[in-house]
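Text of structure-v1.cif, listed as mmCIF, C-alpha atoms:
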```
data_target
loop_
_atom_site.label_atom_id
_atom_site.label_comp_id
_atom_site.auth_asym_id
_atom_site.auth_seq_id
_atom_site.Cartn_x
_atom_site.Cartn_y
_atom_site.Cartn_z
CA MET A 1 0.00 0.00 0.00
CA ALA A 2 2.01 2.96 -1.33
CA HIS A 3 -0.34 5.71 -0.18
CA PRO A 4 -2.30 4.56 2.88
CA TRP A 5 -3.41 8.07 3.79
CA ARG A 6 -4.80 8.56 0.29
CA ALA A 7 -6.84 5.37 0.56
CA ILE A 8 -8.23 6.43 3.93
CA ALA A 9 -9.06 9.92 2.65
CA LEU A 10 -10.82 8.54 -0.43
CA TRP A 11 -12.89 6.15 1.69
CA LEU A 12 -13.95 8.89 4.09
CA ALA A 13 -14.83 11.11 1.12
CA PHE A 14 -16.95 8.29 -0.31
CA VAL A 15 -18.84 7.92 2.97
CA VAL A 16 -19.47 11.67 3.16
CA VAL A 17 -20.69 11.83 -0.45
CA ALA A 18 -22.97 8.82 0.12
CA VAL A 19 -24.54 10.48 3.15
CA ALA A 20 -24.95 13.68 1.12
CA PHE A 21 -26.95 11.69 -1.46
CA ALA A 22 -29.49 10.77 1.20
CA VAL A 23 -29.77 14.40 2.28
CA ILE A 24 -30.27 15.59 -1.32
CA THR A 25 -32.65 12.91 -2.58
CA GLY A 26 -34.39 11.94 0.64
CA THR A 27 -35.49 8.38 1.34
CA GLU A 28 -38.76 7.14 -0.13
CA SER A 29 -40.61 4.96 2.37
CA LEU A 30 -42.73 2.03 1.31
CA GLN A 31 -46.32 2.87 2.12
CA ASN A 32 -47.60 -0.69 1.92
CA GLY A 33 -46.34 -4.07 0.86
CA ALA A 34 -49.27 -4.91 -1.39
CA VAL A 35 -48.77 -6.99 -4.52
CA GLY A 36 -50.81 -7.87 -7.59
CA GLU A 37 -54.34 -6.45 -7.76
CA SER A 38 -54.01 -4.86 -4.32
CA ALA A 39 -50.97 -2.90 -5.49
CA ARG A 40 -52.90 -1.72 -8.59
CA GLY A 41 -55.79 -0.63 -6.38
CA TYR A 42 -53.53 1.34 -4.05
CA ALA A 43 -51.89 3.00 -7.06
CA LEU A 44 -55.30 4.09 -8.37
CA LEU A 45 -56.24 5.47 -4.94
CA ASP A 46 -53.00 7.46 -4.85
CA ARG A 47 -53.53 8.76 -8.37
CA GLY A 48 -57.08 9.90 -7.70
CA GLN A 49 -56.49 10.96 -4.08
CA ALA A 50 -59.53 8.85 -3.22
CA TRP A 51 -58.37 7.39 0.09
CA PRO A 52 -61.14 6.99 2.70
CA PRO A 53 -60.82 9.25 5.76
CA THR A 54 -58.69 8.00 8.64
CA ARG A 55 -60.45 6.87 11.78
CA GLU A 56 -59.66 7.01 15.48
CA TYR A 57 -61.31 4.80 18.07
CA ALA A 58 -62.06 5.08 21.77
CA TYR A 59 -62.86 1.67 23.24
CA VAL A 60 -64.88 1.97 26.46
CA HIS A 61 -65.35 -1.13 28.63
CA PRO A 62 -67.38 -1.97 30.52
CA LEU A 63 -70.19 0.06 28.99
CA ASN A 64 -70.83 3.35 30.79
CA ARG A 65 -73.06 5.72 28.86
CA ARG A 66 -71.94 8.80 30.78
CA VAL A 67 -68.30 8.09 29.96
CA VAL A 68 -69.20 7.31 26.34
CA SER A 69 -71.02 10.64 26.09
CA SER A 70 -67.98 12.47 27.50
CA VAL A 71 -65.67 10.72 25.04
CA ALA A 72 -67.91 11.57 22.08
CA HIS A 73 -68.04 15.21 23.17
CA ARG A 74 -64.25 15.37 23.52
CA MET A 75 -63.75 13.79 20.11
CA ARG A 76 -66.07 16.32 18.51
CA GLU A 77 -64.06 19.16 20.10
CA GLU A 78 -60.66 17.72 19.18
CA LEU A 79 -61.35 16.50 15.64
CA GLY A 80 -64.07 18.86 14.52
CA THR A 81 -66.22 15.99 13.20
CA THR A 82 -69.26 14.21 14.62
CA PRO A 83 -68.27 10.82 16.07
CA ILE A 84 -70.29 7.62 15.77
CA VAL A 85 -71.05 5.48 18.82
CA ARG A 86 -71.35 1.72 18.46
CA VAL A 87 -72.39 -0.68 21.23
CA ALA A 88 -71.26 -4.31 21.31
CA ARG A 89 -73.94 -6.97 20.80
CA ASP A 90 -73.52 -8.23 24.35
CA ARG A 91 -73.66 -4.59 25.56
CA SER A 92 -70.41 -5.10 27.46
CA SER A 93 -68.50 -2.29 25.73
CA ALA A 94 -68.83 0.66 23.38
CA LEU A 95 -66.76 2.09 20.57
CA VAL A 96 -66.62 5.77 19.72
CA VAL A 97 -65.44 6.31 16.12
CA GLY A 98 -64.15 9.70 15.01
CA LYS A 99 -63.13 10.71 11.49
CA VAL A 100 -59.95 12.73 11.02
CA GLU A 101 -60.43 15.09 8.10
CA ASN A 102 -58.28 18.13 8.81
CA ARG A 103 -56.21 18.28 11.97
CA PHE A 104 -55.05 15.68 14.49
CA PRO A 105 -53.87 17.02 17.87
CA SER A 106 -50.61 15.55 19.11
CA ASP A 107 -52.09 14.95 22.59
CA PHE A 108 -55.32 13.43 21.28
CA SER A 109 -54.78 9.96 22.76
CA ALA A 110 -53.87 11.27 26.21
CA SER A 111 -56.85 13.63 26.12
CA ILE A 112 -59.27 10.76 25.45
CA VAL A 113 -57.76 8.31 27.96
CA ALA A 114 -57.88 11.00 30.67
CA LEU A 115 -61.70 10.72 30.64
CA GLN A 116 -61.75 7.22 32.12
CA ARG A 117 -63.27 6.74 35.57
CA PRO A 118 -62.80 4.15 38.34
CA GLY A 119 -64.11 0.82 37.07
CA VAL A 120 -64.27 2.04 33.46
CA LYS A 121 -61.32 1.73 31.10
CA ILE A 122 -60.78 3.73 27.91
CA GLU A 123 -58.32 2.54 25.25
CA GLU A 124 -57.54 4.87 22.35
CA THR A 125 -56.26 3.67 19.00
CA GLY A 126 -56.86 4.23 15.30
CA ASP A 127 -55.26 4.67 11.92
CA ILE A 128 -52.93 7.49 12.93
CA THR A 129 -52.26 6.39 16.50
CA ALA A 130 -51.49 2.77 15.57
CA SER A 131 -49.31 3.86 12.65
CA ASP A 132 -47.28 6.11 14.95
CA ALA A 133 -46.93 3.22 17.42
CA ARG A 134 -45.64 0.90 14.68
CA ASP A 135 -43.14 3.56 13.60
CA ARG A 136 -41.91 3.80 17.18
CA ILE A 137 -41.43 0.04 17.32
CA VAL A 138 -39.33 0.06 14.15
CA HIS A 139 -37.33 3.04 15.40
CA ASP A 140 -36.72 1.36 18.76
CA ASP A 141 -35.71 -1.88 17.03
CA LEU A 142 -33.21 0.02 14.89
CA ASN A 143 -31.77 1.77 17.92
CA ARG A 144 -31.56 -1.53 19.78
CA ALA A 145 -29.78 -3.16 16.83
CA GLU A 146 -27.31 -0.29 16.66
CA ILE A 147 -26.76 -0.22 20.42
CA LEU A 148 -26.31 -3.97 20.83
CA SER A 149 -24.49 -4.93 17.64
CA VAL A 150 -21.51 -2.62 18.10
CA PRO A 151 -20.56 -3.43 21.73
CA VAL A 152 -21.31 -7.14 21.29
CA ALA A 153 -19.10 -7.29 18.20
CA PHE A 154 -16.35 -5.37 19.98
CA ILE A 155 -16.44 -7.67 23.03
CA VAL A 156 -16.30 -10.79 20.86
CA LEU A 157 -13.37 -9.36 18.91
CA LEU A 158 -11.58 -8.52 22.14
CA PHE A 159 -11.68 -12.20 23.07
CA ALA A 160 -10.71 -13.20 19.53
CA PHE A 161 -7.70 -10.88 19.24
CA GLY A 162 -6.87 -10.05 22.85
CA ALA A 163 -5.99 -6.48 21.83
CA VAL A 164 -8.08 -3.30 21.84
CA VAL A 165 -6.71 -1.82 18.59
CA ALA A 166 -7.13 -5.07 16.65
CA ALA A 167 -10.73 -5.31 17.88
CA LEU A 168 -11.51 -1.71 16.97
CA VAL A 169 -10.39 -1.94 13.32
CA PRO A 170 -13.14 -4.36 12.11
CA VAL A 171 -15.82 -2.48 14.05
CA VAL A 172 -14.80 0.88 12.56
CA LEU A 173 -14.77 -0.59 9.03
CA ALA A 174 -18.24 -2.10 9.52
CA LEU A 175 -19.66 1.15 10.92
CA THR A 176 -18.38 3.21 8.00
CA ALA A 177 -19.79 0.66 5.52
CA VAL A 178 -23.19 0.90 7.23
CA ALA A 179 -23.03 4.71 7.22
CA ALA A 180 -22.22 4.75 3.49
CA THR A 181 -25.09 2.36 2.81
CA PHE A 182 -27.56 4.51 4.74
CA GLY A 183 -26.56 7.38 2.47
CA LEU A 184 -26.92 5.33 -0.71
CA LEU A 185 -30.37 4.13 0.37
CA GLY A 186 -31.61 7.62 -0.55
CA PRO A 187 -31.12 7.34 -4.33
CA ILE A 188 -31.87 3.59 -4.24
CA SER A 189 -35.25 4.26 -2.64
CA GLN A 190 -36.26 6.32 -5.67
CA ALA A 191 -36.34 3.03 -7.62
CA PHE A 192 -37.32 0.72 -4.75
CA PRO A 193 -39.32 2.38 -1.96
CA LEU A 194 -37.92 0.98 1.27
CA ASP A 195 -39.75 -0.56 4.18
CA ASP A 196 -38.57 0.64 7.58
CA SER A 197 -37.23 -2.83 8.38
CA VAL A 198 -34.59 -2.43 5.65
CA LYS A 199 -32.52 -0.16 7.90
CA ILE A 200 -32.49 -2.75 10.68
CA VAL A 201 -31.38 -5.47 8.26
CA VAL A 202 -28.67 -3.20 6.82
CA VAL A 203 -27.23 -2.58 10.31
CA LEU A 204 -27.16 -6.29 11.20
CA ILE A 205 -25.84 -7.52 7.83
CA GLY A 206 -23.38 -4.63 7.57
CA MET A 207 -21.89 -5.29 10.99
CA ALA A 208 -21.70 -9.02 10.25
CA VAL A 209 -19.97 -8.88 6.86
CA GLY A 210 -17.87 -5.82 7.69
CA VAL A 211 -16.42 -7.48 10.76
CA ASP A 212 -16.06 -10.80 8.94
CA TYR A 213 -14.11 -9.36 6.02
CA ALA A 214 -11.87 -7.30 8.28
CA LEU A 215 -11.08 -10.45 10.24
CA PHE A 216 -9.61 -12.03 7.11
CA TYR A 217 -7.08 -9.23 6.83
CA VAL A 218 -6.26 -8.72 10.50
CA ILE A 219 -5.80 -12.40 11.34
CA ARG A 220 -3.82 -13.20 8.19
CA SER A 221 -1.49 -10.19 8.55
CA ARG A 222 -0.80 -11.12 12.19
CA GLU A 223 0.00 -14.69 11.16
CA GLU A 224 2.44 -13.50 8.48
CA ARG A 225 4.17 -11.19 10.94
CA ARG A 226 4.50 -14.03 13.47
CA ARG A 227 6.23 -16.03 10.75
CA GLY A 228 8.91 -13.36 10.61
CA LEU A 229 7.85 -11.17 7.68
CA PRO A 230 8.16 -7.39 8.03
CA SER A 231 4.86 -5.55 8.44
CA HIS A 232 4.76 -4.23 4.84
CA GLU A 233 5.55 -7.61 3.25
CA ALA A 234 3.07 -9.36 5.53
CA LEU A 235 0.37 -6.94 4.41
CA GLU A 236 1.20 -7.43 0.71
CA ARG A 237 0.91 -11.19 1.06
CA THR A 238 -2.34 -10.74 2.97
CA ALA A 239 -3.78 -8.51 0.23
CA ARG A 240 -3.00 -11.12 -2.43
CA THR A 241 -4.73 -13.91 -0.52
CA SER A 242 -7.35 -12.49 1.83
CA GLY A 243 -8.26 -9.74 -0.65
CA ARG A 244 -9.26 -12.36 -3.20
CA THR A 245 -11.18 -14.26 -0.53
CA VAL A 246 -13.13 -11.12 0.41
CA LEU A 247 -14.06 -10.43 -3.23
CA ILE A 248 -15.26 -14.00 -3.81
CA SER A 249 -17.13 -14.14 -0.52
CA GLY A 250 -18.81 -10.76 -1.06
CA THR A 251 -19.84 -11.65 -4.59
CA THR A 252 -21.31 -14.95 -3.43
CA VAL A 253 -23.34 -13.35 -0.65
CA ALA A 254 -24.56 -10.57 -2.95
CA ILE A 255 -25.72 -13.09 -5.56
CA ALA A 256 -27.55 -15.02 -2.84
CA MET A 257 -29.27 -11.84 -1.62
CA ALA A 258 -30.23 -10.98 -5.21
CA GLY A 259 -32.48 -14.04 -5.13
CA MET A 260 -35.01 -11.92 -3.23
CA PHE A 261 -35.65 -9.99 -6.45
CA ILE A 262 -37.25 -13.15 -7.86
CA ILE A 263 -40.17 -12.80 -5.42
CA GLY A 264 -41.04 -9.51 -7.08
CA THR A 265 -42.56 -7.65 -4.11
CA ASP A 266 -41.59 -4.15 -3.03
CA ILE A 267 -40.58 -5.30 0.45
CA PHE A 268 -38.15 -7.94 -0.81
CA ASN A 269 -36.84 -5.65 -3.56
CA GLY A 270 -35.93 -3.11 -0.88
CA LEU A 271 -34.34 -5.75 1.35
CA ALA A 272 -32.32 -7.13 -1.56
CA SER A 273 -31.08 -3.71 -2.72
CA GLY A 274 -30.18 -2.66 0.84
CA THR A 275 -28.27 -5.83 1.71
CA ILE A 276 -26.42 -5.94 -1.62
CA THR A 277 -25.39 -2.32 -1.16
CA VAL A 278 -24.03 -2.81 2.35
CA ILE A 279 -22.14 -5.94 1.22
CA ALA A 280 -20.62 -4.00 -1.68
CA CYS A 281 -19.59 -1.18 0.67
CA ALA A 282 -18.02 -3.65 3.11
CA VAL A 283 -16.07 -5.34 0.30
CA ALA A 284 -14.92 -1.99 -1.10
CA GLY A 285 -13.71 -0.87 2.31
CA SER A 286 -11.97 -4.18 2.97
CA VAL A 287 -9.86 -4.09 -0.20
CA THR A 288 -9.04 -0.35 -0.11
CA VAL A 289 -9.09 1.49 3.19
CA LEU A 290 -8.46 -1.56 5.41
CA PRO A 291 -5.01 -2.37 3.92
CA GLY A 292 -4.11 1.32 4.20
CA LEU A 293 -5.16 1.41 7.85
CA LEU A 294 -3.21 -1.76 8.63
CA GLU A 295 -0.18 -0.31 6.82
CA LEU A 296 -0.27 2.78 9.03
CA LEU A 297 -0.75 0.77 12.21
CA GLY A 298 1.87 -1.87 11.49
CA THR A 299 2.79 -3.64 14.73
CA LYS A 300 0.63 -1.13 16.63
CA ILE A 301 -2.33 -3.31 15.67
CA ASP A 302 -1.47 -5.42 18.75
CA ARG A 303 -1.54 -2.53 21.19
CA GLY A 304 -3.89 -2.61 24.16
CA ARG A 305 -3.32 -6.31 24.86
CA ILE A 306 -5.42 -7.95 27.54
CA PRO A 307 -3.02 -10.28 29.37
CA PHE A 308 -5.55 -12.35 31.31
CA LEU A 309 -7.09 -13.93 28.19
CA PRO A 310 -5.87 -17.57 28.04
CA HIS A 311 -5.37 -17.76 24.27
CA LEU A 312 -2.74 -15.01 24.35
CA ARG A 313 -0.37 -17.23 26.28
CA THR A 314 -0.68 -20.07 23.74
CA GLU A 315 -1.15 -18.30 20.40
CA GLY A 316 2.04 -19.91 19.11
CA GLU A 317 0.71 -23.43 19.73
CA PRO A 318 -1.09 -25.21 16.89
CA SER A 319 -4.83 -25.70 17.13
CA ARG A 320 -5.97 -29.15 18.26
CA PHE A 321 -9.70 -28.93 17.55
CA TRP A 322 -9.78 -28.47 13.77
CA PRO A 323 -7.06 -31.03 12.95
CA ALA A 324 -9.05 -33.55 15.00
CA VAL A 325 -12.23 -32.72 13.07
CA ILE A 326 -10.44 -33.00 9.71
CA ASP A 327 -8.88 -36.34 10.67
CA ALA A 328 -12.30 -37.73 11.62
CA VAL A 329 -13.80 -36.53 8.31
CA LEU A 330 -10.97 -38.02 6.23
CA ARG A 331 -11.26 -41.36 8.01
CA ARG A 332 -15.02 -41.59 7.33
CA PRO A 333 -15.71 -39.30 4.34
CA MET A 334 -19.01 -40.92 3.28
CA LEU A 335 -20.40 -41.00 6.83
CA SER A 336 -19.37 -37.37 7.36
CA LEU A 337 -21.03 -36.37 4.10
CA VAL A 338 -24.31 -38.11 4.98
CA LEU A 339 -24.39 -36.70 8.52
CA SER A 340 -23.62 -33.11 7.48
CA ALA A 341 -26.11 -33.23 4.60
CA GLY A 342 -28.73 -34.68 6.94
CA VAL A 343 -28.25 -31.85 9.43
CA LEU A 344 -28.57 -29.23 6.66
CA VAL A 345 -31.73 -30.85 5.28
CA ALA A 346 -33.25 -31.02 8.77
CA LEU A 347 -32.55 -27.34 9.30
CA ALA A 348 -34.13 -26.51 5.92
CA VAL A 349 -37.35 -28.52 6.42
CA PRO A 350 -39.23 -25.69 8.24
CA ALA A 351 -38.68 -23.46 5.19
CA LEU A 352 -40.98 -25.71 3.18
CA ARG A 353 -43.92 -24.54 5.30
CA LEU A 354 -43.18 -20.84 4.95
CA HIS A 355 -45.39 -18.58 2.86
CA VAL A 356 -45.00 -14.92 1.97
CA SER A 357 -47.74 -12.54 3.04
CA LYS A 358 -48.23 -8.98 4.16
CA PRO A 359 -48.38 -8.93 7.98
CA SER A 360 -51.53 -7.62 9.58
CA ASP A 361 -51.61 -4.53 11.75
CA GLU A 362 -51.39 -6.66 14.89
CA ALA A 363 -48.66 -9.03 13.65
CA LEU A 364 -45.82 -6.96 15.08
CA SER A 365 -47.73 -5.53 18.04
CA ALA A 366 -45.58 -4.82 21.06
CA LYS A 367 -46.99 -5.28 24.52
CA GLY A 368 -45.47 -1.95 25.50
CA GLU A 369 -47.48 -0.06 22.88
CA PRO A 370 -51.01 0.62 24.23
CA ALA A 371 -52.31 1.74 20.82
CA LEU A 372 -51.49 -1.61 19.19
CA ALA A 373 -52.82 -3.63 22.10
CA ALA A 374 -56.01 -1.54 21.99
CA LEU A 375 -56.33 -2.16 18.25
CA THR A 376 -56.36 -5.90 18.90
CA HIS A 377 -59.09 -5.49 21.55
CA VAL A 378 -61.18 -3.23 19.30
CA ARG A 379 -61.10 -5.60 16.34
CA ALA A 380 -61.96 -8.56 18.56
CA ALA A 381 -65.02 -6.81 19.98
CA PHE A 382 -65.99 -4.96 16.77
CA PRO A 383 -64.92 -7.00 13.71
CA SER A 384 -66.24 -4.31 11.38
CA THR A 385 -63.29 -2.10 12.33
CA ALA A 386 -60.85 -4.44 10.56
CA GLU A 387 -59.24 -3.21 7.38
CA PRO A 388 -62.03 -3.00 4.80
CA ALA A 389 -61.98 -4.62 1.40
CA ILE A 390 -61.79 -1.73 -1.07
CA VAL A 391 -62.96 -2.03 -4.67
CA VAL A 392 -61.30 0.59 -6.87
CA VAL A 393 -62.86 1.33 -10.25
CA ALA A 394 -61.36 3.61 -12.89
CA VAL A 395 -64.01 4.77 -15.40
CA PRO A 396 -64.20 7.47 -18.08
CA PRO A 397 -66.20 10.60 -17.15
CA ASP A 398 -69.23 9.62 -19.26
CA LYS A 399 -69.56 6.32 -17.36
CA ARG A 400 -69.25 7.80 -13.86
CA ALA A 401 -72.98 7.72 -13.02
CA GLU A 402 -73.26 4.11 -14.15
CA ALA A 403 -70.22 3.17 -12.04
CA LEU A 404 -71.72 4.87 -8.97
CA ARG A 405 -74.95 2.93 -9.37
CA ALA A 406 -72.98 -0.31 -9.70
CA GLY A 407 -71.01 0.59 -6.59
CA LYS A 408 -74.21 1.14 -4.61
CA ARG A 409 -75.48 -2.26 -5.69
CA LEU A 410 -72.18 -3.87 -4.69
CA GLU A 411 -72.27 -2.11 -1.32
CA ARG A 412 -75.76 -3.43 -0.61
#
```
Let me see the structure of the file written as structure tokens.
Amino acid sequence: MAHPWRAIALWLAFVVVAVAFAVITGTESLQNGAVGESARGYALLDRGQAWPPTREYAYVHPLNRRVVSSVAHRMREELGTTPIVRVARDRSSALVVGKVENRFPSDFSASIVALQRPGVKIEETGDITASDARDRIVHDDLNRAEILSVPVAFIVLLFAFGAVVAALVPVVLALTAVAATFGLLGPISQAFPLDDSVKIVVVLIGMAVGVDYALFYVIRSREERRRGLPSHEALERTARTSGRTVLISGTTVAIAMAGMFIIGTDIFNGLASGTITVIACAVAGSVTVLPGLLELLGTKIDRGRIPFLPHLRTEGEPSRFWPAVIDAVLRRPMLSLVLSAGVLVALAVPALRLHVSKPSDEALSAKGEPALAALTHVRAAFPSTAEPAIVVVAVPPDKRAEALRAGKRLER
């Protein structure tokens, strides 16, 4: 690596430019994961701006007419529309339905729940409230993935290398690859609108492959130096061997992820494009900036050693586990083949029962989100509040009256 600082500067510039792309283009979010006729219907609704009004619900149980009246009055004040009151068939609960046409107060849910009285519970949910709750779940999951993946990876690498600097290098490479991918998701989302879960998958896959590819370089360069090669020569030999391994591995994983395009749904298209991008960024960083960083560090890669780790006192000794495994396989190759293939087939059997579908509103409900728990209760007590089946009809202007009459007949 003749110019390590140049490689590092170019990589950092690439990350900055990628992030700038996201700022310039913005990131298009996937509004729904519908496919086939449903996707065509949603497209027609978007084109004609014919979406039905959003609804908010106040679920009152047990039934208390005074509380129901107070809730209906508060909804009328907050939303500016006249709510509808429905009573369950067994008269055990009531549902107050309000349409949101213009404004939706940020404290609407708290304002409604505050009306409950001793012995009477009010649960507030609805299209807007439940959607916000789902967004919070995704945001919290992303934060949790970011918070847990980095320290867990660092701790594992500390035990693997026994040195702070050697453990930091793969983590830093993975983080920069993820940051660059987040930036590139902006222009990518213009072609494939992205579901919120794509960001979580990018963090997890990016940390996994980024750390994995950096391990190839760090471990191999340390082995070459222990064999007596100077730091520069050890790195050159590492680049010729591990660099090729990284390229082949990255290409293989990217091709495997591209299989999601075959499904042909927006959700899987977004997942495929996001994972392929983060893999490409991790490979690019591993074969460019990583050798430059290792060239600058040299023997300093082993700084910050942790002396109490057992493997540090025996790192010159040959491994006993893998030679024993290889000897057993070579002695019984056919038996080993049958056993390993049997294990893989057994692990793959559950995949035969999988089917692809769009999850319902309650599929990812979190117990800590009252709005989603309330939505489950509301739809159990009042099935008519489930997502309606919408028939979308596109007709020329001269056929509009005929289409309206047909729609009325269908509604009846």
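CA of Asn102 in chain A to CA of Gly126 in chain A spans 15.4 Å [interatomic distance, one decimal].
Residues captured in this structure file are Ser38, Gly41, Tyr42, Pro52, Ser384, Thr385, Ala386, Glu387, Pro388, Ile390, Val391, Val392, Leu410 and Glu411 of chain A, according to the PyMOL selection byres ((chain A and resi 389) around 12).
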Name every residue that the PyMOL selection byres ((chain A and resi 204-211) around 7) selects in this structure, writing the answer as a ChimeraX atom specification with chains first and numbers rising. /A:145,170-171,173-175,177-178,200-203,212-215,275,278-279,282
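Counting all atoms listed in the file, the residue from A:Arg332, A:Lys99, A:Arg305, A:Lys408 that sits nearest to Arg55 in chain A is A:Lys99.
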Just the residues within 12 Å of Leu10 in chain A, please, counting all atoms listed in the file, with nothing from its chain fewer than 3 positions along; format it as a PyMOL selection string. chain A and resi 3-7+13-17+284-285+288-290+292
Can you list what the PyMOL selection byres ((chain A and resi 155-160) around 10) grabs from this structure, as an NGL selection string? :A and (150-154 or 161-171 or 211 or 215 or 219 or 304-306 or 309-312)
Coordinates-based distance that separates CA of Arg222 in chain A from CA of Thr245 in chain A (Å, one decimal): 16.7 Å
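Put simply, CA of Glu224 in chain A is 11.5 Å away from CA of Thr241 in chain A.
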Please provide as a ChimeraX atom specification all residues within 12 Å of Glu77 in chain A, with the sequence filter that same-chain residues fewer than 4 positions apart are discarded (counting all atoms listed in the file). /A:70-73,81-83,98,100,103-105,108,111-112
Preceding selection exported with C-alpha atoms as a tab-separated table (two decimals), in the coordinates of the input:
```tsv
chain	number	residue	atom	x	y	z
A	70	SER	CA	-67.98	12.47	27.50
A	71	VAL	CA	-65.67	10.72	25.04
A	72	ALA	CA	-67.91	11.57	22.08
A	73	HIS	CA	-68.04	15.21	23.17
A	81	THR	CA	-66.22	15.99	13.20
A	82	THR	CA	-69.26	14.21	14.62
A	83	PRO	CA	-68.27	10.82	16.07
A	98	GLY	CA	-64.15	9.70	15.01
A	100	VAL	CA	-59.95	12.73	11.02
A	103	ARG	CA	-56.21	18.28	11.97
A	104	PHE	CA	-55.05	15.68	14.49
A	105	PRO	CA	-53.87	17.02	17.87
A	108	PHE	CA	-55.32	13.43	21.28
A	111	SER	CA	-56.85	13.63	26.12
A	112	ILE	CA	-59.27	10.76	25.45
```
With all atoms listed in the file as the atoms that count, which of A:Ile267, A:Ala110, A:Val283, A:Leu45 lies nearest to Ser197 in chain A? A:Ile267
Skipping near chain neighbours, those fewer than 2 positions away, what residues fall within 9 Å of Thr238 in chain A using all atoms listed in the file, listed as a list of chain:residue names? A:Phe216, A:Tyr217, A:Val218, A:Arg220, A:Ser221, A:Glu224, A:Glu233, A:Ala234, A:Leu235, A:Glu236, A:Arg240, A:Thr241, A:Ser242, A:Gly243, A:Pro291
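Distance check against Ile255 in chain A using only C-alpha atoms: of A:Ile128, A:Ala272, A:Ile122, A:Leu115, the minimum falls on A:Ala272.
Closest approach to His61 in chain A among A:Val378, A:Ile262, A:Ala180, A:Ile137 is made by A:Val378 (distances from only C-alpha atoms).
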Quick one: residues within 8 Å of Ala280 in chain A, all atoms listed in the file, excluding same-chain residues fewer than 4 positions away - as JSON, numbers by chain? {"A": [250, 254, 276, 284]}
Convert the current residue selection to file output with C-alpha atoms, as a compact mmCIF listing (two decimals), in the frame of the given file.
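Okay, this is what ended up in result.txt:
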```txt
# COMPACT_ATOMS: atom_id res chain seq x y z
CA GLY A 250 -18.81 -10.76 -1.06
CA ALA A 254 -24.56 -10.57 -2.95
CA ILE A 276 -26.42 -5.94 -1.62
CA ALA A 284 -14.92 -1.99 -1.10
```
How would range 211-220 of chain A read, as a tab-separated table (two decimals), in the frame of the given file, once N, CA, C and O atoms are built in?
```tsv
chain	number	residue	atom	x	y	z
A	211	VAL	N	-17.33	-6.87	9.79
A	211	VAL	CA	-16.42	-7.48	10.76
A	211	VAL	C	-15.77	-8.73	10.19
A	211	VAL	O	-14.57	-8.96	10.35
A	212	ASP	N	-16.57	-9.54	9.49
A	212	ASP	CA	-16.06	-10.80	8.94
A	212	ASP	C	-14.93	-10.55	7.95
A	212	ASP	O	-13.88	-11.20	8.01
A	213	TYR	N	-15.14	-9.62	7.03
A	213	TYR	CA	-14.11	-9.36	6.02
A	213	TYR	C	-12.86	-8.74	6.63
A	213	TYR	O	-11.73	-9.02	6.22
A	214	ALA	N	-13.04	-7.88	7.62
A	214	ALA	CA	-11.87	-7.30	8.28
A	214	ALA	C	-11.08	-8.36	9.03
A	214	ALA	O	-9.85	-8.28	9.13
A	215	LEU	N	-11.78	-9.37	9.54
A	215	LEU	CA	-11.08	-10.45	10.24
A	215	LEU	C	-10.11	-11.17	9.32
A	215	LEU	O	-9.01	-11.57	9.74
A	216	PHE	N	-10.51	-11.36	8.05
A	216	PHE	CA	-9.61	-12.03	7.11
A	216	PHE	C	-8.26	-11.32	7.07
A	216	PHE	O	-7.20	-11.96	7.14
A	217	TYR	N	-8.31	-10.01	6.96
A	217	TYR	CA	-7.08	-9.23	6.83
A	217	TYR	C	-6.30	-9.21	8.14
A	217	TYR	O	-5.08	-9.44	8.15
A	218	VAL	N	-6.97	-8.90	9.23
A	218	VAL	CA	-6.26	-8.72	10.50
A	218	VAL	C	-5.61	-10.02	10.94
A	218	VAL	O	-4.43	-10.06	11.32
A	219	ILE	N	-6.35	-11.12	10.88
A	219	ILE	CA	-5.80	-12.40	11.34
A	219	ILE	C	-4.65	-12.84	10.44
A	219	ILE	O	-3.60	-13.27	10.92
A	220	ARG	N	-4.87	-12.72	9.11
A	220	ARG	CA	-3.82	-13.20	8.19
A	220	ARG	C	-2.56	-12.35	8.31
A	220	ARG	O	-1.43	-12.88	8.30
```
